[in-house]
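*Asks:* One structure is given below, represented as structure tokens, and several questions about it will come after.
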Amino acid sequence: MLQSNLQHTDNLRPPASLAQLAQADGGGISDVINFAIGLLRRQYLVILVTAALGTAASMLYLRLVSPTYTAQVQILLANPRPQFVQQQSLLTEPAFDLNQIETQLQLLRSKATAVAVIDQLKLADDPDFDGSGVSLQSLWQRIRSWTSTRSKKNATSDTHTEPSDPIVDAFLDRLSAGRVGYSSVIEISFNSSTATRAAEIVNAVAKTYVADQLNGKFDANRRATSWLQERLRDLGDQALAAQRAVDVYKTQNNIVSLDGKPIDEQQITEINNRLAAARAQTSEATAKLARYEALLASDPTKPSSMGNLDAIGADATSSQIINGLRQQYLELIRREAELTARVGRDHLAVVSVRNRAREFRVSILDEVRRLAEVSRSEFEFAKQRQQEIEKQLSKAVSQSRSVNSAELTIKELESRAKGLRSLYETFLQRYMGSAQQETFPVSETRVLFPASPPWSKSKPKTSLVLALGILGGLALGVGLALLRDIMDRVFRTSSQLETVLELPCLSLVPLLPARKSGKPPVRSQPTDEQRIVPSPTAIHQTVVGMPLSRYTEAIRSIKLAIDHNPAKISSQVIGVTSALPNEGKTTIAASLAQLIGHTGKKAIIVDCDLRNPSLSAIFAPKAVAGLIEVANGSRSLADAIWRDPTTNLAFLPAVRRGPLLHTSEILCADAISKLFDRLRADYDYVIVDLPPLTPLVDVRATSSLIDGYILIVEWGRTKIDVVQHALHTAPNIHESLIGAVLSKTDTKAMARYDGHRSYYYHDSHYIRYGLSGS
């Protein structure tokens, strides 16, 4: 525990060097490793149970889900017609780009294809589609079929029986199609519970698609030929009407030749470029003038105005006059600083140098004003030039709008007539050349190789499902373990205590098992003048009865921290308190007082828990006078003190005769303060057992009596938020805290929470020096 106490003085050390900081940064990986190891030690049961559940769930899934076989077939799209047929064809033959291939994929997965295959193979009676199977997918199909039947119950009956929507949806769910890499090959896949049925269905889908493509081409060609004939007649009439309209318009407007002048776009572009440059120059001049005006608006008598010269720009910094004045000004400032350091600020020589510096500042600002005037002239010139260019641009645009409307109209009419003539001739040539070529029986798609029944099932994959179950269970277990760690908002380690409360952890007091008290030692009969402390419980006798125990060593660490308290010169009166009741403060206070008394020091322990004097019930159960009686003068101090002859420890009890309503006022009274002054004079150490912080306010009333406080925090039980709130509501106590103590510590479990110092809690280190584990 001495090592632990020395570790808590790190906050008083000087800042570490750069090399030490770099070495500390490198410990981040070890921190993560230690945290992971500690998490596994603390929550390994949660992780193992969750992983086992995940594995069991994956095995149950493999047991319930029926196997699925996937058959595949590939279709080639890039099978164009011969070149001579494409040249004479009415319909264009575009290359199969990404959009075209995606369109073909949608056609393959369409409802029309599904209905055709279902009718062809009579799949409506197949158990995979009608929901008569026992798999999870069939159950879902039954639910969808029942929902569809309910929605169509009132619909009119049709003589033509088509597959129901659930059957079509089930078929499409099993059908998939995709592009093979970057090629023009489409791969079609179908899932079924039997390998033979899967191959049969996917081959039927491929054949249906190819036949549909061929039929679609024939229908499109027939419709295109009929449309072309009607279109040729319309185009001939429109071309003749357009040419007549051109001749009529020329006659009406007396236009013989087109010699109008178009808009000079190059001139407008040039003016626009000049305008952009002029606006940029105006903006630059405006910003420059604004900087000058901002500098001139400052007080020239203040030295701070010289710091803004660099913000003006290159004009001010490149001026020889300003640079010369500024160098002389800086020299005067330096001389002023030297003279001020030697003779004082108000000396005549310092004042003279300061006045000269002020004159130089004024001279510099005068030169800046001159530059500002030059900048103002540049701004006016740039602004005037910008306005002139804008006028030129407006004039050019206005002229461009006055184009002869007749010229535009005649051009439009001639262009339309020319386009109609060209279109008519093209359509006529295509129609005459392709009349005998459209019946060429060639399909753009073909099946590369028919599908065969697969040898093995495609899903579920046993190894993958088991791996996902195990890994998922482990991941979920780790997540639950982390959640439990995060929700564990109690104090577990000394570093956690120091980080959260910003207090040194004085000691880790181990949890002692309950022991039966031995026979009390033979003592002399008490006299009327002396009151003897009866034999307390075994836990209070550990310090004296087991001086080489880990518990006693932890109490020694508390005493060492009190003796070497850096916060106060005097640490004679020590108050022991906690955030909540039953955290072990009374036991530690009694053990600390016994240890001090056993070392030969004059020590007294005072029970100031007036509403629940539990220490008095142990040390002086038959006391008739105590702290309150001594304070009010009804009994003397000597008549109220009880003594332990084994440790020469004095004890001042608190006798509770009835309910006390204003215990905080009693502890604030002058009589209590005088009593503690007397105790300071008579004893080397005064240990005070105080009530807890959270339920009562009595501890806050003892700040004038106590030199330093020790906060007891129960390991693994006291909530962090409770301790923080207790210290926040008692700032005067917080400022006087020497440190905190983790009580009832489970030293065997500490290694699971403090990975950095897990070796520190091994019993072998204590046994080597003759200490027992308890």
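Residues are referred to by chain and number: the chain letter is A, B, ... according to the order shown in the structure tokens, the number counts from 1 in that chain, and ligands are numbered separately from 1 in the order shown.
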Please list as a VMD selection string every residue within 8 Å of stretch 572-577 of chain A, counting only C-alpha atoms and excluding residues in the same chain fewer than 3 positions away.
*Replies:* chain A and resid 585 to 586 589 680 684 to 693 699 705 to 712
*Asks:* Go ahead and write the residues just picked, N, CA, C and O atoms, as a PDB file, in the first residue's frame.
*Replies:*
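Written output follows (again15.pdb):
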ATOM      1  N   LYS A 585     -16.898   3.625   7.023  1.00  0.00           N
ATOM      2  CA  LYS A 585     -16.157   4.757   7.579  1.00  0.00           C
ATOM      3  C   LYS A 585     -15.889   4.583   9.065  1.00  0.00           C
ATOM      4  O   LYS A 585     -14.809   4.919   9.566  1.00  0.00           O
ATOM      5  N   THR A 586     -16.864   4.058   9.811  1.00  0.00           N
ATOM      6  CA  THR A 586     -16.682   3.877  11.252  1.00  0.00           C
ATOM      7  C   THR A 586     -15.601   2.851  11.532  1.00  0.00           C
ATOM      8  O   THR A 586     -14.745   3.044  12.415  1.00  0.00           O
ATOM      9  N   ALA A 589     -12.227   4.433  10.650  1.00  0.00           N
ATOM     10  CA  ALA A 589     -11.868   5.444  11.647  1.00  0.00           C
ATOM     11  C   ALA A 589     -11.372   4.785  12.926  1.00  0.00           C
ATOM     12  O   ALA A 589     -10.363   5.205  13.521  1.00  0.00           O
ATOM     13  N   ARG A 680      -6.970  19.362  20.799  1.00  0.00           N
ATOM     14  CA  ARG A 680      -5.736  19.616  20.053  1.00  0.00           C
ATOM     15  C   ARG A 680      -4.544  19.759  21.006  1.00  0.00           C
ATOM     16  O   ARG A 680      -3.431  19.318  20.704  1.00  0.00           O
ATOM     17  N   ASP A 684      -2.062  14.100  20.306  1.00  0.00           N
ATOM     18  CA  ASP A 684      -1.312  14.255  19.048  1.00  0.00           C
ATOM     19  C   ASP A 684      -2.236  14.116  17.835  1.00  0.00           C
ATOM     20  O   ASP A 684      -2.060  14.812  16.835  1.00  0.00           O
ATOM     21  N   TYR A 685      -3.195  13.231  17.912  1.00  0.00           N
ATOM     22  CA  TYR A 685      -4.135  12.993  16.811  1.00  0.00           C
ATOM     23  C   TYR A 685      -5.548  12.966  17.363  1.00  0.00           C
ATOM     24  O   TYR A 685      -5.795  12.369  18.433  1.00  0.00           O
ATOM     25  N   VAL A 686      -6.451  13.589  16.626  1.00  0.00           N
ATOM     26  CA  VAL A 686      -7.865  13.555  16.963  1.00  0.00           C
ATOM     27  C   VAL A 686      -8.595  13.004  15.730  1.00  0.00           C
ATOM     28  O   VAL A 686      -8.675  13.670  14.698  1.00  0.00           O
ATOM     29  N   ILE A 687      -9.102  11.775  15.861  1.00  0.00           N
ATOM     30  CA  ILE A 687      -9.824  11.122  14.778  1.00  0.00           C
ATOM     31  C   ILE A 687     -11.316  11.305  15.036  1.00  0.00           C
ATOM     32  O   ILE A 687     -11.811  10.944  16.116  1.00  0.00           O
ATOM     33  N   VAL A 688     -12.046  11.844  14.053  1.00  0.00           N
ATOM     34  CA  VAL A 688     -13.455  12.176  14.222  1.00  0.00           C
ATOM     35  C   VAL A 688     -14.269  11.300  13.275  1.00  0.00           C
ATOM     36  O   VAL A 688     -14.058  11.329  12.055  1.00  0.00           O
ATOM     37  N   ASP A 689     -15.175  10.522  13.853  1.00  0.00           N
ATOM     38  CA  ASP A 689     -16.113   9.717  13.057  1.00  0.00           C
ATOM     39  C   ASP A 689     -17.328  10.583  12.747  1.00  0.00           C
ATOM     40  O   ASP A 689     -18.133  10.886  13.635  1.00  0.00           O
ATOM     41  N   LEU A 690     -17.463  10.989  11.478  1.00  0.00           N
ATOM     42  CA  LEU A 690     -18.516  11.912  11.068  1.00  0.00           C
ATOM     43  C   LEU A 690     -19.660  11.155  10.394  1.00  0.00           C
ATOM     44  O   LEU A 690     -19.475  10.035   9.902  1.00  0.00           O
ATOM     45  N   PRO A 691     -20.840  11.754  10.323  1.00  0.00           N
ATOM     46  CA  PRO A 691     -21.944  11.128   9.588  1.00  0.00           C
ATOM     47  C   PRO A 691     -21.685  11.200   8.089  1.00  0.00           C
ATOM     48  O   PRO A 691     -20.796  11.919   7.629  1.00  0.00           O
ATOM     49  N   PRO A 692     -22.449  10.475   7.291  1.00  0.00           N
ATOM     50  CA  PRO A 692     -22.259  10.540   5.829  1.00  0.00           C
ATOM     51  C   PRO A 692     -22.699  11.888   5.271  1.00  0.00           C
ATOM     52  O   PRO A 692     -23.445  12.632   5.888  1.00  0.00           O
ATOM     53  N   LEU A 693     -22.243  12.171   4.029  1.00  0.00           N
ATOM     54  CA  LEU A 693     -22.499  13.473   3.414  1.00  0.00           C
ATOM     55  C   LEU A 693     -23.907  13.587   2.841  1.00  0.00           C
ATOM     56  O   LEU A 693     -24.556  14.631   2.953  1.00  0.00           O
ATOM     57  N   VAL A 699     -21.878  17.237   8.346  1.00  0.00           N
ATOM     58  CA  VAL A 699     -20.449  17.277   8.018  1.00  0.00           C
ATOM     59  C   VAL A 699     -20.043  18.668   7.550  1.00  0.00           C
ATOM     60  O   VAL A 699     -18.925  19.133   7.826  1.00  0.00           O
ATOM     61  N   LEU A 705     -13.680  22.842  12.452  1.00  0.00           N
ATOM     62  CA  LEU A 705     -13.102  21.975  13.480  1.00  0.00           C
ATOM     63  C   LEU A 705     -12.050  21.033  12.911  1.00  0.00           C
ATOM     64  O   LEU A 705     -11.124  20.652  13.627  1.00  0.00           O
ATOM     65  N   ILE A 706     -12.191  20.663  11.655  1.00  0.00           N
ATOM     66  CA  ILE A 706     -11.388  19.587  11.066  1.00  0.00           C
ATOM     67  C   ILE A 706     -10.266  20.180  10.224  1.00  0.00           C
ATOM     68  O   ILE A 706     -10.468  21.126   9.456  1.00  0.00           O
ATOM     69  N   ASP A 707      -9.060  19.596  10.384  1.00  0.00           N
ATOM     70  CA  ASP A 707      -7.936  20.013   9.535  1.00  0.00           C
ATOM     71  C   ASP A 707      -8.019  19.367   8.154  1.00  0.00           C
ATOM     72  O   ASP A 707      -7.700  20.002   7.147  1.00  0.00           O
ATOM     73  N   GLY A 708      -8.427  18.150   8.093  1.00  0.00           N
ATOM     74  CA  GLY A 708      -8.527  17.461   6.814  1.00  0.00           C
ATOM     75  C   GLY A 708      -9.502  16.310   6.901  1.00  0.00           C
ATOM     76  O   GLY A 708      -9.694  15.703   7.973  1.00  0.00           O
ATOM     77  N   TYR A 709     -10.127  15.988   5.756  1.00  0.00           N
ATOM     78  CA  TYR A 709     -11.128  14.941   5.711  1.00  0.00           C
ATOM     79  C   TYR A 709     -10.606  13.773   4.883  1.00  0.00           C
ATOM     80  O   TYR A 709      -9.801  13.945   3.960  1.00  0.00           O
ATOM     81  N   ILE A 710     -11.107  12.609   5.240  1.00  0.00           N
ATOM     82  CA  ILE A 710     -10.843  11.395   4.464  1.00  0.00           C
ATOM     83  C   ILE A 710     -12.193  10.843   4.024  1.00  0.00           C
ATOM     84  O   ILE A 710     -13.073  10.600   4.857  1.00  0.00           O
ATOM     85  N   LEU A 711     -12.366  10.673   2.694  1.00  0.00           N
ATOM     86  CA  LEU A 711     -13.629  10.195   2.131  1.00  0.00           C
ATOM     87  C   LEU A 711     -13.539   8.685   1.927  1.00  0.00           C
ATOM     88  O   LEU A 711     -12.637   8.190   1.250  1.00  0.00           O
ATOM     89  N   ILE A 712     -14.475   7.960   2.529  1.00  0.00           N
ATOM     90  CA  ILE A 712     -14.522   6.505   2.403  1.00  0.00           C
ATOM     91  C   ILE A 712     -15.528   6.154   1.293  1.00  0.00           C
ATOM     92  O   ILE A 712     -16.674   6.600   1.325  1.00  0.00           O
TER      93      ILE A 712
END
*Asks:* Quick one: pull the distance between atom CA of A:Leu214 and atom CA of A:Lys122, Å, one decimal.
*Replies:*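 Those two atoms sit 23.9 Å apart.
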*Asks:* Which value, in Å to one decimal, gives the distance between atom CA of A:Arg63 and atom CA of A:Asn191?
*Replies:*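 The value is 18.9 Å.
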*Asks:* Identify all residues of stretch 610-730 of chain A in helix (DSSP H, G or I) (DSSP on the backbone) and supply them as a ChimeraX atom specification.
*Replies:* /A:614-619,627-632,637-640,663-668,670-682,698-702,720-728
*Asks:* Given the choices A:Ile555, A:Leu610, A:Arg369, A:Ala593, which gets closest to A:Ala297 if the distance is worked out from only C-alpha atoms?
*Replies:* A:Arg369
*Asks:* So the first atom is atom CA of A:Ser193 and the second is atom CA of A:Ser66; what is the distance between them in Å, to one decimal place?
*Replies:*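 If I compute the distance from atom CA of A:Ser193 to atom CA of A:Ser66, I get 7.3 Å.
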*Asks:* Using only C-alpha atoms, which of the listed residues (A:Gln72, A:Thr493, A:Thr552, A:Ser319) sits closest to A:Thr196?
*Replies:*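 The answer is A:Gln72, which sits nearest to A:Thr196.
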*Asks:* Extract, using only C-alpha atoms, all DNA, RNA and protein residues at most 7 Å from A:Leu76, discarding same-chain residues fewer than 4 positions from it, and format them as a list of chain:residue names.
*Replies:*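 What passes the distance filter is A:Ser184, A:Val185, A:Ile186, A:Thr445, A:Arg446, A:Val447, A:Leu448.
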*Asks:* Take the residues from that selection and put them in a file with N, CA and C atoms, as a compact mmCIF listing (two decimals), in the first residue's frame.
*Replies:*
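As a result, selection-v1.txt now contains:
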# COMPACT_ATOMS: atom_id res chain seq x y z
N SER A 184 -21.51 -8.81 -72.81
CA SER A 184 -22.91 -8.73 -73.25
C SER A 184 -23.62 -10.04 -72.98
N VAL A 185 -23.21 -10.74 -71.94
CA VAL A 185 -23.79 -12.03 -71.57
C VAL A 185 -24.60 -11.84 -70.30
N ILE A 186 -25.82 -12.36 -70.30
CA ILE A 186 -26.71 -12.32 -69.14
C ILE A 186 -26.81 -13.71 -68.56
N THR A 445 -30.61 -12.50 -79.76
CA THR A 445 -30.23 -13.22 -78.55
C THR A 445 -30.25 -14.71 -78.83
N ARG A 446 -29.41 -15.44 -78.08
CA ARG A 446 -29.38 -16.89 -78.19
C ARG A 446 -28.81 -17.46 -76.89
N VAL A 447 -29.20 -18.68 -76.61
CA VAL A 447 -28.73 -19.39 -75.41
C VAL A 447 -27.36 -19.99 -75.69
N LEU A 448 -26.40 -19.67 -74.84
CA LEU A 448 -25.05 -20.20 -75.05
C LEU A 448 -24.99 -21.69 -74.77
*Asks:* Determine the nearest neighbour of A:Thr702 from the options A:Asp682, A:His347, A:Cys608, A:Lys411, counting only C-alpha atoms.
*Replies:*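 Closest residue, counting only C-alpha atoms: A:Cys608.
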